[in-house]
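Q: What follows is upload27.tsv, TSV, C-alpha atoms.
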chain	number	residue	atom	x	y	z
K	76	MET	CA	125.72	134.50	84.49
K	77	ALA	CA	122.05	133.47	84.36
K	78	ILE	CA	123.04	130.40	82.33
K	79	LEU	CA	125.77	129.53	84.83
K	80	ASP	CA	123.32	129.94	87.68
K	81	PHE	CA	120.83	127.73	85.84
K	82	LEU	CA	123.46	125.05	85.18
K	83	PHE	CA	124.59	125.21	88.80
K	84	LYS	CA	121.01	124.68	90.03
K	85	ILE	CA	120.60	121.71	87.68
K	86	THR	CA	123.85	120.23	89.01
K	87	LEU	CA	122.64	120.66	92.60
K	88	ILE	CA	119.37	118.88	91.78
K	89	PHE	CA	121.38	116.11	90.08
K	90	GLY	CA	123.42	115.74	93.28
K	91	ALA	CA	120.33	115.87	95.51
K	92	SER	CA	118.55	113.15	93.50
K	93	ILE	CA	121.60	110.88	93.59
K	94	GLY	CA	122.07	111.65	97.30
K	95	PHE	CA	118.51	110.65	98.10
K	96	ALA	CA	118.80	107.52	95.97
K	97	MET	CA	121.87	106.54	97.99
K	98	THR	CA	120.10	107.08	101.32
K	99	VAL	CA	117.30	104.69	100.28
K	100	GLN	CA	119.85	102.13	99.06
K	101	ALA	CA	118.91	102.38	95.39
K	102	PRO	CA	120.93	100.01	93.18
K	103	ASN	CA	124.16	101.56	91.90
K	104	ARG	CA	123.16	101.08	88.25
K	105	SER	CA	120.17	103.38	88.78
K	106	LEU	CA	122.03	106.29	90.44
K	107	ALA	CA	123.13	108.13	87.28
K	108	ILE	CA	119.72	107.57	85.65
K	109	THR	CA	117.94	108.93	88.73
K	110	GLY	CA	120.19	111.96	88.88
K	111	THR	CA	119.65	112.70	85.20
K	112	ILE	CA	115.88	112.37	85.50
K	113	GLY	CA	115.84	114.66	88.55
K	114	ALA	CA	118.01	117.28	86.84
K	115	VAL	CA	116.28	117.21	83.43
K	116	SER	CA	112.80	117.36	84.96
K	117	TYR	CA	113.75	120.46	86.96
K	118	ILE	CA	113.92	122.40	83.67
K	119	PRO	CA	110.13	122.35	82.98
K	120	ASN	CA	109.63	123.21	86.66
K	121	MET	CA	111.79	126.34	86.34
K	122	ILE	CA	110.22	127.32	83.01
K	123	ALA	CA	106.63	126.85	84.22
K	124	SER	CA	107.15	128.66	87.53
K	125	GLY	CA	109.03	131.47	85.73
K	126	LEU	CA	106.31	131.97	83.10
K	127	THR	CA	103.33	131.71	85.44
K	128	HIS	CA	104.97	133.25	88.57
K	129	ASN	CA	103.33	130.42	90.49
K	130	VAL	CA	105.48	127.75	92.13
K	131	TYR	CA	102.67	125.15	92.06
K	132	TYR	CA	102.47	125.11	88.25
K	133	GLY	CA	106.20	124.50	88.29
K	134	ILE	CA	105.83	121.61	90.71
K	135	ALA	CA	103.04	120.05	88.62
K	136	CYS	CA	105.11	120.32	85.40
K	137	GLY	CA	108.25	119.04	87.11
K	138	VAL	CA	106.51	116.02	88.60
K	139	ALA	CA	104.78	115.28	85.28
K	140	SER	CA	108.15	115.24	83.52
K	141	VAL	CA	109.69	113.04	86.26
K	142	THR	CA	106.83	110.54	85.93
K	143	THR	CA	107.11	110.51	82.13
K	144	LEU	CA	110.88	110.07	82.10
K	145	CYS	CA	110.66	107.31	84.75
K	146	TYR	CA	107.99	105.49	82.70
K	147	PHE	CA	110.28	105.29	79.67
K	148	ALA	CA	113.54	104.77	81.59
K	149	ALA	CA	111.99	101.84	83.53
K	150	ARG	CA	111.21	100.06	80.26
K	151	MET	CA	114.54	100.91	78.68
K	152	TYR	CA	116.75	99.83	81.60
K	153	HIS	CA	114.48	97.15	83.19
K	154	ILE	CA	114.46	98.94	86.53
K	155	PRO	CA	111.24	99.26	88.56
K	156	ALA	CA	109.79	102.71	87.94
K	157	SER	CA	109.37	103.44	91.64
K	158	ILE	CA	113.16	103.13	92.14
K	159	LEU	CA	113.66	105.97	89.66
K	160	LEU	CA	110.56	107.95	90.60
K	161	VAL	CA	111.03	108.42	94.33
K	162	PRO	CA	114.55	109.99	94.21
K	163	GLY	CA	113.53	112.03	91.17
K	164	LEU	CA	110.77	113.66	93.22
K	165	VAL	CA	113.19	114.84	95.91
K	166	PRO	CA	113.12	118.56	94.96
K	167	TYR	CA	109.31	118.53	95.26
K	168	PHE	CA	108.69	116.48	98.42
K	169	PRO	CA	106.60	118.47	100.89
K	170	GLY	CA	108.62	117.11	103.82
K	171	GLN	CA	109.85	120.59	104.75
K	172	LYS	CA	106.34	122.05	104.69
K	173	LEU	CA	105.10	119.13	106.80
K	174	TYR	CA	107.86	119.82	109.33
K	175	GLN	CA	106.99	123.55	109.42
K	176	MET	CA	103.29	122.75	109.71
K	177	ILE	CA	103.81	120.56	112.78
K	178	TRP	CA	106.32	123.06	114.22
K	179	SER	CA	103.80	125.91	114.04
K	180	LEU	CA	101.17	123.62	115.60
K	181	PHE	CA	103.43	123.02	118.59
K	182	GLN	CA	104.16	126.75	118.82
K	183	LEU	CA	100.38	127.39	118.90
K	184	ASP	CA	100.87	129.88	116.07
K	185	LEU	CA	97.52	129.55	114.32
K	186	SER	CA	98.16	131.81	111.33
K	187	ASP	CA	101.50	130.12	110.60
K	188	PHE	CA	99.89	126.71	111.01
K	189	ILE	CA	97.15	127.55	108.51
K	190	THR	CA	99.68	128.98	106.03
K	191	ASN	CA	102.00	125.97	106.33
K	192	THR	CA	99.14	123.46	106.21
K	193	SER	CA	97.69	125.04	103.08
K	194	GLY	CA	101.17	125.06	101.54
K	195	PHE	CA	101.62	121.40	102.40
K	196	VAL	CA	98.21	120.41	101.07
K	197	GLU	CA	98.61	122.44	97.85
K	198	THR	CA	102.08	120.99	97.22
K	199	SER	CA	100.85	117.45	97.91
K	200	VAL	CA	97.87	117.89	95.58
K	201	CYS	CA	100.17	119.20	92.82
K	202	ILE	CA	102.65	116.37	93.24
K	203	TYR	CA	100.33	113.43	93.63
K	204	GLY	CA	97.69	114.79	91.27
K	205	SER	CA	100.30	115.29	88.57
K	206	MET	CA	101.79	111.81	89.21
K	207	LEU	CA	98.38	110.15	89.10
K	208	THR	CA	97.39	111.99	85.91
K	209	MET	CA	100.56	110.90	84.11
K	210	ASN	CA	100.28	107.31	85.41
K	211	LEU	CA	96.78	107.13	83.96
K	212	ALA	CA	97.51	109.03	80.75
K	213	LEU	CA	100.81	107.47	79.68
K	214	PRO	CA	99.56	103.89	79.05
K	215	ILE	CA	96.62	105.29	77.06
K	216	ILE	CA	98.91	107.54	75.02
K	217	MET	CA	101.30	104.64	74.32
K	218	GLN	CA	98.42	102.38	73.33
K	219	PHE	CA	97.15	105.05	70.92
K	220	TYR	CA	100.67	105.55	69.54
K	221	ARG	CA	101.09	101.80	68.93
K	222	ARG	CA	97.75	101.67	67.12
K	223	ILE	CA	98.80	104.52	64.85
K	224	LYS	CA	102.22	102.94	64.26
K	225	GLN	CA	100.81	99.51	63.37
K	226	PRO	CA	98.66	100.54	60.36
K	227	SER	CA	101.59	102.59	58.97
K	228	LYS	CA	103.82	99.48	59.29
K	229	THR	CA	101.33	97.26	57.47
K	230	LYS	CA	100.94	99.94	54.77
K	231	SER	CA	104.70	100.02	54.13
K	232	LEU	CA	104.75	96.20	53.78
Z	1214	MET	CA	100.62	64.62	97.34
Z	1215	GLY	CA	103.39	65.77	94.97
Z	1216	GLN	CA	101.04	68.39	93.57
Z	1217	ASP	CA	100.19	69.58	97.09
Z	1218	ARG	CA	103.88	70.02	97.90
Z	1219	GLN	CA	104.36	71.98	94.70
Z	1220	GLN	CA	101.39	74.16	95.50
Z	1221	LEU	CA	102.77	74.72	99.01
Z	1222	LEU	CA	106.16	75.67	97.55
Z	1223	LEU	CA	104.48	78.08	95.14
Z	1224	ALA	CA	102.49	79.68	97.96
Z	1225	LYS	CA	105.58	79.91	100.19
Z	1226	THR	CA	107.57	81.49	97.35
Z	1227	CYS	CA	104.85	84.10	96.77
Z	1228	LEU	CA	104.66	84.76	100.51
Z	1229	LEU	CA	108.42	85.17	100.83
Z	1230	ALA	CA	108.61	87.52	97.83
Z	1231	SER	CA	105.71	89.59	99.27
Z	1232	GLN	CA	107.40	89.70	102.66
Z	1233	ILE	CA	110.73	90.92	101.31
Z	1234	LEU	CA	109.02	93.58	99.18
Z	1235	MET	CA	106.86	94.81	102.06
Z	1236	GLU	CA	109.78	94.86	104.55
Z	1237	ASN	CA	111.77	97.04	102.19
Z	1238	GLY	CA	109.11	99.66	101.48
Z	1239	SER	CA	107.57	98.53	98.20
Z	1240	GLU	CA	104.13	99.72	97.15
Z	1241	LEU	CA	101.31	97.17	97.28
Z	1242	ALA	CA	100.65	97.18	93.53
Z	1243	ARG	CA	104.17	95.83	92.95
Z	1244	ILE	CA	103.62	93.07	95.50
Z	1245	ASP	CA	100.34	92.03	93.84
Z	1246	ASP	CA	101.95	92.06	90.40
Z	1247	THR	CA	104.96	90.01	91.55
Z	1248	VAL	CA	102.70	87.36	93.10
Z	1249	LYS	CA	100.62	87.26	89.91
Z	1250	TYR	CA	103.70	86.88	87.64
Z	1251	ILE	CA	105.14	84.05	89.76
Z	1252	SER	CA	101.88	82.13	90.06
Z	1253	ASN	CA	100.86	82.59	86.40
Z	1254	THR	CA	104.30	81.51	85.19
Z	1255	TYR	CA	104.36	78.39	87.34
Z	1256	SER	CA	100.82	77.17	87.14
Z	1257	ALA	CA	99.68	78.79	83.84
Z	1258	GLY	CA	96.46	79.81	85.57
Z	1259	ASN	CA	95.68	76.33	86.91
Z	1260	ASP	CA	96.25	77.43	90.50
Z	1261	GLU	CA	94.51	80.49	91.84
Z	1262	ILE	CA	96.98	82.35	93.99
Z	1263	GLU	CA	95.61	85.43	95.70
Z	1264	SER	CA	97.45	87.78	98.01
Z	1265	TYR	CA	96.12	90.17	100.61
Z	1266	VAL	CA	98.79	92.51	101.92
Z	1267	THR	CA	98.74	95.22	104.54
Z	1268	SER	CA	101.62	96.95	106.32
Z	1269	THR	CA	101.56	94.34	109.11
Z	1270	LEU	CA	100.08	91.19	107.59
Z	1271	ILE	CA	100.40	89.10	104.44
Z	1272	ILE	CA	97.84	86.43	103.53
Z	1273	ILE	CA	98.43	84.11	100.56
Z	1274	THR	CA	95.73	81.72	99.44
Z	1275	ALA	CA	96.24	78.93	96.92
Z	1276	ASN	CA	93.40	77.03	95.34
Z	1277	ASP	CA	93.12	74.58	92.46
Z	1278	PRO	CA	89.69	75.29	90.86
Z	1279	SER	CA	89.77	72.02	88.90
Z	1280	ASP	CA	90.04	69.96	92.13
Z	1281	GLU	CA	86.77	70.41	94.05
Z	1282	GLU	CA	87.77	68.18	96.97
Z	1283	MET	CA	91.01	69.99	97.67
Z	1284	GLN	CA	91.06	72.40	100.60
Z	1285	PRO	CA	92.42	75.85	99.77
Z	1286	LEU	CA	95.82	76.54	101.22
Z	1287	VAL	CA	96.18	79.66	103.37
Z	1288	LEU	CA	99.49	81.07	104.54
Z	1289	VAL	CA	99.62	84.02	106.95
Z	1290	GLU	CA	102.70	85.95	107.97
Z	1291	LYS	CA	103.22	89.01	110.11
Z	1292	THR	CA	105.39	91.69	108.63
Z	1293	ASN	CA	106.40	95.31	109.04
Z	1294	VAL	CA	108.37	97.89	107.12
Z	1295	LYS	CA	111.89	97.63	108.50
Z	1296	SER	CA	113.67	100.08	106.22
Z	1297	ILE	CA	113.63	101.42	102.71
Z	1298	ASN	CA	115.96	99.34	100.56
Z	1299	LEU	CA	115.41	99.78	96.84
Z	1300	THR	CA	118.26	97.39	95.98
Z	1301	LYS	CA	116.29	94.47	97.40
Z	1302	ILE	CA	113.20	95.56	95.47
Z	1303	ASP	CA	115.28	95.67	92.29
Z	1304	GLU	CA	116.70	92.22	93.10
Z	1305	ILE	CA	113.20	90.75	93.52
Z	1306	ASN	CA	112.29	92.29	90.18
Z	1307	ARG	CA	115.35	90.65	88.58
Z	1308	LEU	CA	114.59	87.25	90.12
Z	1309	SER	CA	110.93	87.31	89.12
Z	1310	ARG	CA	111.91	88.29	85.55
Z	1311	ALA	CA	114.41	85.39	85.48
Z	1312	PHE	CA	111.68	83.04	86.71
Z	1313	VAL	CA	109.20	84.27	84.10
Z	1314	ALA	CA	111.90	83.75	81.43
Z	1315	ARG	CA	112.30	80.16	82.76
Z	1316	GLU	CA	115.92	80.77	83.74
Z	1317	LEU	CA	115.11	79.64	87.30
Z	1318	THR	CA	112.95	76.80	88.60
Z	1319	LEU	CA	110.50	77.41	91.42
Z	1320	LYS	CA	112.80	75.67	93.88
Z	1321	GLU	CA	115.78	77.80	92.79
Z	1322	LEU	CA	113.67	80.96	93.03
Z	1323	TYR	CA	112.62	80.05	96.58
Z	1324	ALA	CA	116.26	79.37	97.55
Z	1325	GLU	CA	117.36	82.70	96.04
Z	1326	LEU	CA	114.62	84.56	97.89
Z	1327	ARG	CA	115.60	82.95	101.20
Z	1328	ALA	CA	119.23	83.95	100.65
Z	1329	LEU	CA	118.15	87.47	99.64
Z	1330	ARG	CA	116.09	87.89	102.80
Z	1331	LYS	CA	119.09	87.03	104.98
Z	1332	MET	CA	121.48	89.34	103.12
Z	1333	PRO	CA	121.57	92.85	104.63
Z	1334	MET	CA	122.37	94.57	101.31
Z	1335	THR	CA	122.64	97.88	103.10
Z	1336	SER	CA	125.67	100.09	103.04
Z	1337	LEU	CA	125.92	102.62	105.87
Z	1338	THR	CA	128.75	104.39	104.01
Z	1339	LYS	CA	126.54	104.81	100.94
Z	1340	ALA	CA	123.68	106.14	103.07
Z	1341	ASN	CA	126.00	108.57	104.88
Z	1342	ILE	CA	127.53	109.91	101.67
Z	1343	GLY	CA	124.05	110.21	100.16
Z	1344	SER	CA	122.82	112.10	103.24
Z	1345	PHE	CA	125.70	114.56	102.95
Z	1346	PHE	CA	124.95	115.27	99.27
Z	1347	LEU	CA	121.21	115.51	99.84
Z	1348	SER	CA	121.36	117.79	102.88
Z	1349	SER	CA	124.07	120.08	101.54
Z	1350	THR	CA	122.62	120.53	98.04
Z	1351	LEU	CA	119.06	121.22	99.18
Z	1352	THR	CA	120.23	123.57	101.95
Z	1353	TYR	CA	122.34	125.51	99.44
Z	1354	LEU	CA	119.32	125.82	97.13
Z	1355	ALA	CA	117.29	127.22	100.03
Z	1356	THR	CA	119.91	129.51	101.63
Z	1357	GLN	CA	122.63	130.21	98.98
Z	1358	SER	CA	125.09	129.88	101.88
Z	1359	ILE	CA	128.06	127.54	101.65
Z	1360	VAL	CA	128.57	127.47	105.42
Z	1361	ALA	CA	124.93	126.52	106.02
Z	1362	SER	CA	125.04	123.84	103.35
Z	1363	ILE	CA	128.25	122.27	104.69
Z	1364	LEU	CA	126.90	122.28	108.25
Z	1365	ALA	CA	123.61	120.74	107.08
Z	1366	GLY	CA	125.54	118.10	105.12
Z	1367	LEU	CA	127.70	117.16	108.12
Z	1368	PHE	CA	124.74	117.05	110.50
Z	1369	GLY	CA	122.70	115.08	107.97
Z	1370	THR	CA	125.49	112.49	107.75
Z	1371	LEU	CA	125.72	112.32	111.54
Z	1372	GLY	CA	121.94	112.02	111.81
Z	1373	MET	CA	121.77	109.12	109.35
Z	1374	TYR	CA	124.59	107.33	111.21
Z	1375	ILE	CA	122.94	107.77	114.63
Z	1376	VAL	CA	119.48	106.69	113.40
Z	1377	THR	CA	120.90	103.53	111.85
Z	1378	LYS	CA	122.84	102.61	115.00
Z	1379	ILE	CA	119.86	103.29	117.29
Z	1380	TYR	CA	117.56	101.18	115.12
Z	1381	ASP	CA	120.12	98.34	115.04
Z	1382	ALA	CA	120.28	98.45	118.86
Z	1383	LEU	CA	116.61	98.98	119.76
Z	1384	HIS	CA	114.61	97.78	116.69
Z	1385	ARG	CA	112.00	100.41	117.49
Z	1386	PRO	CA	110.81	103.05	115.04
Z	1387	PHE	CA	110.62	106.79	115.82
Z	1388	ILE	CA	113.04	106.82	118.80
Z	1389	GLY	CA	116.11	107.28	116.62
Z	1390	GLU	CA	114.51	110.19	114.72
Z	1391	LEU	CA	113.49	111.87	118.00
Z	1392	ILE	CA	117.03	111.61	119.39
Z	1393	VAL	CA	118.66	112.73	116.13
Z	1394	ALA	CA	116.44	115.80	115.85
Z	1395	ALA	CA	117.35	116.73	119.43
Z	1396	VAL	CA	121.08	116.12	118.88
Z	1397	ILE	CA	121.18	118.19	115.68
Z	1398	THR	CA	119.30	121.05	117.34
Z	1399	ILE	CA	121.72	120.98	120.31
Z	1400	LEU	CA	124.72	121.07	117.96
Z	1401	VAL	CA	123.27	124.00	116.01
Z	1402	ARG	CA	122.56	125.84	119.26
Z	1403	LEU	CA	126.13	125.23	120.48
Z	1404	ILE	CA	127.54	126.63	117.23
Z	1405	MET	CA	125.24	129.66	117.59
Z	1406	LEU	CA	126.93	130.41	120.94
Z	1407	VAL	CA	130.19	130.90	119.03
Z	1408	THR	CA	128.99	132.43	115.74
Z	1409	PRO	CA	125.63	133.74	114.55
Z	1410	LEU	CA	123.70	131.46	112.18
Z	1411	PRO	CA	120.77	133.35	110.67
Z	1412	GLU	CA	119.70	130.29	108.65
Z	1413	PHE	CA	119.69	127.94	111.64
Z	1414	ASN	CA	116.15	126.73	110.87
Z	1415	ASN	CA	117.13	125.84	107.30
Z	1416	ILE	CA	120.23	124.03	108.59
Z	1417	ILE	CA	118.14	121.90	110.95
Z	1418	ILE	CA	115.54	121.11	108.28
Z	1419	GLY	CA	118.27	120.40	105.72
Z	1420	ALA	CA	120.04	118.05	108.13
Z	1421	LEU	CA	116.79	116.21	108.84
Z	1422	PHE	CA	115.83	115.96	105.18
Z	1423	PRO	CA	117.30	112.46	104.64
Z	1424	LEU	CA	115.10	111.24	107.48
Z	1425	LEU	CA	111.90	112.97	106.38
Z	1426	PRO	CA	109.40	110.36	105.14
Z	1427	GLY	CA	109.24	111.24	101.46
Z	1428	VAL	CA	109.23	107.62	100.32
Z	1429	GLN	CA	106.52	106.62	102.80
Z	1430	LEU	CA	104.36	109.58	101.73
Z	1431	THR	CA	104.70	108.69	98.05
Z	1432	THR	CA	104.01	104.97	98.52
Z	1433	SER	CA	101.07	105.70	100.85
Z	1434	ILE	CA	99.46	107.98	98.24
Z	1435	ASN	CA	100.11	105.35	95.54
Z	1436	ASP	CA	98.49	102.70	97.74
Z	1437	ILE	CA	95.46	104.88	98.50
Z	1438	PHE	CA	94.89	105.64	94.82
Z	1439	ASP	CA	95.27	101.91	94.05
Z	1440	GLY	CA	92.37	101.28	96.42
Z	1441	ASN	CA	94.39	99.92	99.38
Z	1442	LEU	CA	92.54	101.81	102.07
Z	1443	ILE	CA	94.15	99.93	104.96
Z	1444	SER	CA	97.87	100.04	104.21
Z	1445	GLY	CA	97.76	103.42	102.45
Z	1446	PRO	CA	96.42	105.34	105.47
Z	1447	GLN	CA	98.64	103.18	107.75
Z	1448	ARG	CA	101.74	104.34	105.93
Z	1449	LEU	CA	100.48	107.92	105.79
Z	1450	LEU	CA	99.94	107.87	109.55
Z	1451	SER	CA	103.40	106.39	110.05
Z	1452	ALA	CA	104.89	109.19	107.92
Z	1453	LEU	CA	103.03	111.85	109.91
Z	1454	ILE	CA	104.11	110.35	113.25
Z	1455	LEU	CA	107.73	110.22	112.03
Z	1456	THR	CA	107.68	113.91	111.15
Z	1457	PHE	CA	105.89	114.65	114.42
Z	1458	THR	CA	108.65	112.96	116.46
Z	1459	MET	CA	111.37	114.86	114.60
Z	1460	VAL	CA	109.68	118.18	115.27
Z	1461	LEU	CA	109.15	117.13	118.88
Z	1462	GLY	CA	112.86	116.40	119.26
Z	1463	SER	CA	113.82	119.86	117.98
Z	1464	LEU	CA	111.12	121.60	119.97
Z	1465	LEU	CA	112.12	119.93	123.24
Z	1466	VAL	CA	115.65	121.27	122.85
Z	1467	PHE	CA	114.44	124.77	121.94
Z	1468	THR	CA	112.12	124.81	124.93
Z	1469	ILE	CA	114.70	123.55	127.44
Z	1470	TRP	CA	117.39	125.84	126.01
Z	1471	ARG	CA	115.15	128.86	126.51
Could you rewrite the structure in this file as structure tokens?
A:
Amino acid sequence: MAILDFLFKITLIFGASIGFAMTVQAPNRSLAITGTIGAVSYIPNMIASGLTHNVYYGIACGVASVTTLCYFAARMYHIPASILLVPGLVPYFPGQKLYQMIWSLFQLDLSDFITNTSGFVETSVCIYGSMLTMNLALPIIMQFYRRIKQPSKTKSL
Amino acid sequence: MGQDRQQLLLAKTCLLASQILMENGSELARIDDTVKYISNTYSAGNDEIESYVTSTLIIITANDPSDEEMQPLVLVEKTNVKSINLTKIDEINRLSRAFVARELTLKELYAELRALRKMPMTSLTKANIGSFFLSSTLTYLATQSIVASILAGLFGTLGMYIVTKIYDALHRPFIGELIVAAVITILVRLIMLVTPLPEFNNIIIGALFPLLPGVQLTTSINDIFDGNLISGPQRLLSALILTFTMVLGSLLVFTIWR
């Protein structure tokens, strides 16, 4: 039952990523790729948040995997990475927290406002910090990998 | 003279590509890269083409460093983000790749860009179906309720339709989102008169999810970290105001209803 529940969640995330891609008029050839990236990257999110009992670690791991998968998929399919990245981040967007933050501000509920604002800021830091880290790290890692690969190619020749 | 006309065409092509990308929600780094690819491919570094892009203004300068007497060419165009359309961004990417691969001449690229700018390339049906999937799936994840998710999906679809029609009629941002938030809240309240809806807040948020500025937030953060401290905060402010108006729409209805 746990496996079915897990698969069902993954399917929902797949649908949500494709749905968001459709609302922002993503090209049709990118829809399945976006959905797959969104669904697959939810797995490290669930694992990390389950192991650490902290949703923010899950968000950071999920966003890191989305960024990584988009980096490689963009090069494989010649699609701009941002077209794949933005719908893939849909499960993590802090839009709901932002809405609740402004709602509690209007209601003059200070404690709720502080809670929602801190939630929004923490989620944003996790998402954008993780994205920035991977955007900086991936080119360096690939450069290092190519350097290692090249001497082994010349050796075999 | 012939070289001046070619330089003007190159600058106009870069300007048009920048304009289309900015109007459809691209991040600034992509715009800079596209301008660089086009100018380096055409002039092989002989012409210096620089772009300065903000959310409301694009400035393209063209200069031939080998010709000291020549005045630099400056093109300025007002712009604004009209909508998020990733298909057009993908199409610009395809055209610039074709140009770099010498499959298109500069004149052909300019003609293609002009035609692309006129084409709407938006599908309201696609956006509506996408809104339904997005709202219903995320609401189900939050509430585990099929009724809530179906309601959120239907209201999300209605919201996307209304926002698009209002923007087509008025060409003003924020008003459509304000009205949609109010309409969705009224509909939820009307249903609550007939049957209790304990997850009514989640239904409203789920229905508004397609309109929440996730793309603008992401591109604004990307722009800020790329060092664009004018357009990044501009977009961030726009995203905050958009969310603010949606909350305001819901809150007005709740307040009046009470």
Q: Please determine the contact residues of chain Z with respect to chain K at a cut-off of 8 Å, counting only C-alpha atoms, and supply them as a ChimeraX atom specification.
A: /Z:1297-1300,1303,1306,1335-1336,1339-1348,1350-1351,1354,1418,1422-1423,1425-1428,1431,1434,1456-1457,1460,1464
Q: So what do you get for atom CA of Ile134 of chain K versus atom CA of Asn120 of chain K, distance-wise?
A: 5.8 Å
Q: Would you mind reading off the distance between atom CA of Ala1361 of chain Z and atom CA of Leu1400 of chain Z, one decimal, in Å?
A: 13.1 Å
Q: Identify, on the basis of all atoms listed in the file, every residue whose closest approach to Ile1379 of chain Z does not exceed 12 Å; exclude the query and any residue fewer than 3 positions from it along the same chain; express the result as a ChimeraX atom specification.
A: /Z:1372-1376,1382-1393
Q: So what do you get for atom CA of Tyr131 of chain K versus atom CA of Leu1461 of chain Z, distance-wise?
A: 28.7 Å
Q: Which residue, Z:Ile1454, Z:Ala1242, Z:Val1407, Z:Ala1224, has the smallest gap to Ile1273 of chain Z when you use all atoms listed in the file?
A: Z:Ala1224
Q: Could you list, as a PyMOL selection string, every residue within 12 Å of Tyr1265 of chain Z, counting all atoms listed in the file and ignoring same-chain residues fewer than 5 positions away?
A: chain Z and resi 1227-1228+1231-1232+1235+1241-1242+1244-1246+1248-1249+1270-1275+1287-1291+1441+1443-1444
Q: Measuring between only C-alpha atoms, which one of K:Ser186, K:Thr198, K:Thr143, K:Thr127 shows the shortest distance to Val115 of chain K?
A: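 Ranking K:Ser186, K:Thr198, K:Thr143, K:Thr127 by distance to Val115 of chain K, first place goes to K:Thr143.
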Q: So which residues are close to (115.1, 83.2, 97.7), meaning at most 12 Å away in the file's coordinates with only C-alpha atoms counted, and can you show them as an NGL selection string?
A: :Z and (1222 or 1225-1233 or 1301 or 1304-1305 or 1307-1309 or 1312 or 1317-1332)
Q: Output C-alpha atoms for every residue in that selection, as an mmCIF file, keeping the file's coordinate frame.
A:
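To be explicit, this is the file written out as out_23.cif:
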data_model
loop_
_atom_site.group_PDB
_atom_site.id
_atom_site.type_symbol
_atom_site.label_atom_id
_atom_site.label_comp_id
_atom_site.auth_asym_id
_atom_site.auth_seq_id
_atom_site.Cartn_x
_atom_site.Cartn_y
_atom_site.Cartn_z
ATOM 1 C CA LEU Z 1222 106.160 75.670 97.550
ATOM 2 C CA LYS Z 1225 105.580 79.910 100.190
ATOM 3 C CA THR Z 1226 107.570 81.490 97.350
ATOM 4 C CA CYS Z 1227 104.850 84.100 96.770
ATOM 5 C CA LEU Z 1228 104.660 84.760 100.510
ATOM 6 C CA LEU Z 1229 108.420 85.170 100.830
ATOM 7 C CA ALA Z 1230 108.610 87.520 97.830
ATOM 8 C CA SER Z 1231 105.710 89.590 99.270
ATOM 9 C CA GLN Z 1232 107.400 89.700 102.660
ATOM 10 C CA ILE Z 1233 110.730 90.920 101.310
ATOM 11 C CA LYS Z 1301 116.290 94.470 97.400
ATOM 12 C CA GLU Z 1304 116.700 92.220 93.100
ATOM 13 C CA ILE Z 1305 113.200 90.750 93.520
ATOM 14 C CA ARG Z 1307 115.350 90.650 88.580
ATOM 15 C CA LEU Z 1308 114.590 87.250 90.120
ATOM 16 C CA SER Z 1309 110.930 87.310 89.120
ATOM 17 C CA PHE Z 1312 111.680 83.040 86.710
ATOM 18 C CA LEU Z 1317 115.110 79.640 87.300
ATOM 19 C CA THR Z 1318 112.950 76.800 88.600
ATOM 20 C CA LEU Z 1319 110.500 77.410 91.420
ATOM 21 C CA LYS Z 1320 112.800 75.670 93.880
ATOM 22 C CA GLU Z 1321 115.780 77.800 92.790
ATOM 23 C CA LEU Z 1322 113.670 80.960 93.030
ATOM 24 C CA TYR Z 1323 112.620 80.050 96.580
ATOM 25 C CA ALA Z 1324 116.260 79.370 97.550
ATOM 26 C CA GLU Z 1325 117.360 82.700 96.040
ATOM 27 C CA LEU Z 1326 114.620 84.560 97.890
ATOM 28 C CA ARG Z 1327 115.600 82.950 101.200
ATOM 29 C CA ALA Z 1328 119.230 83.950 100.650
ATOM 30 C CA LEU Z 1329 118.150 87.470 99.640
ATOM 31 C CA ARG Z 1330 116.090 87.890 102.800
ATOM 32 C CA LYS Z 1331 119.090 87.030 104.980
ATOM 33 C CA MET Z 1332 121.480 89.340 103.120
#
Q: If we count only C-alpha atoms and set the cut-off at 12 Å, which residues sit around segment 208-214 of chain K, ignoring sequence neighbours fewer than 4 positions away in its own chain? Please answer as a list of chain:residue names.
A: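 Once the adjacent positions are removed, what remains is K:Ala135, K:Cys136, K:Gly137, K:Val138, K:Ala139, K:Ser140, K:Val141, K:Thr142, K:Thr143, K:Leu144, K:Cys145, K:Tyr146, K:Phe147, K:Ala156, K:Ser157, K:Leu160, K:Val200, K:Cys201, K:Ile202, K:Tyr203, K:Gly204, K:Gln218, K:Phe219, K:Tyr220, K:Arg221, Z:Asn1435, Z:Phe1438, Z:Asp1439.
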Q: Write a file for segment 143-147 of chain K of the given structure; include N, CA and C atoms and format it as a PDB file, in the first residue's frame.
A:
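Final file, out-v4.pdb:
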ATOM      1  N   THR K 143      19.801  19.465 -11.720  1.00  0.00           N
ATOM      2  CA  THR K 143      20.753  18.547 -12.361  1.00  0.00           C
ATOM      3  C   THR K 143      20.118  17.891 -13.583  1.00  0.00           C
ATOM      4  N   LEU K 144      18.920  17.361 -13.410  1.00  0.00           N
ATOM      5  CA  LEU K 144      18.252  16.687 -14.533  1.00  0.00           C
ATOM      6  C   LEU K 144      17.989  17.665 -15.681  1.00  0.00           C
ATOM      7  N   CYS K 145      17.607  18.898 -15.351  1.00  0.00           N
ATOM      8  CA  CYS K 145      17.344  19.908 -16.401  1.00  0.00           C
ATOM      9  C   CYS K 145      18.629  20.248 -17.148  1.00  0.00           C
ATOM     10  N   TYR K 146      19.746  20.324 -16.431  1.00  0.00           N
ATOM     11  CA  TYR K 146      21.050  20.636 -17.042  1.00  0.00           C
ATOM     12  C   TYR K 146      21.365  19.621 -18.138  1.00  0.00           C
ATOM     13  N   PHE K 147      21.191  18.337 -17.801  1.00  0.00           N
ATOM     14  CA  PHE K 147      21.524  17.289 -18.780  1.00  0.00           C
ATOM     15  C   PHE K 147      20.456  17.167 -19.857  1.00  0.00           C
TER      16      PHE K 147
END
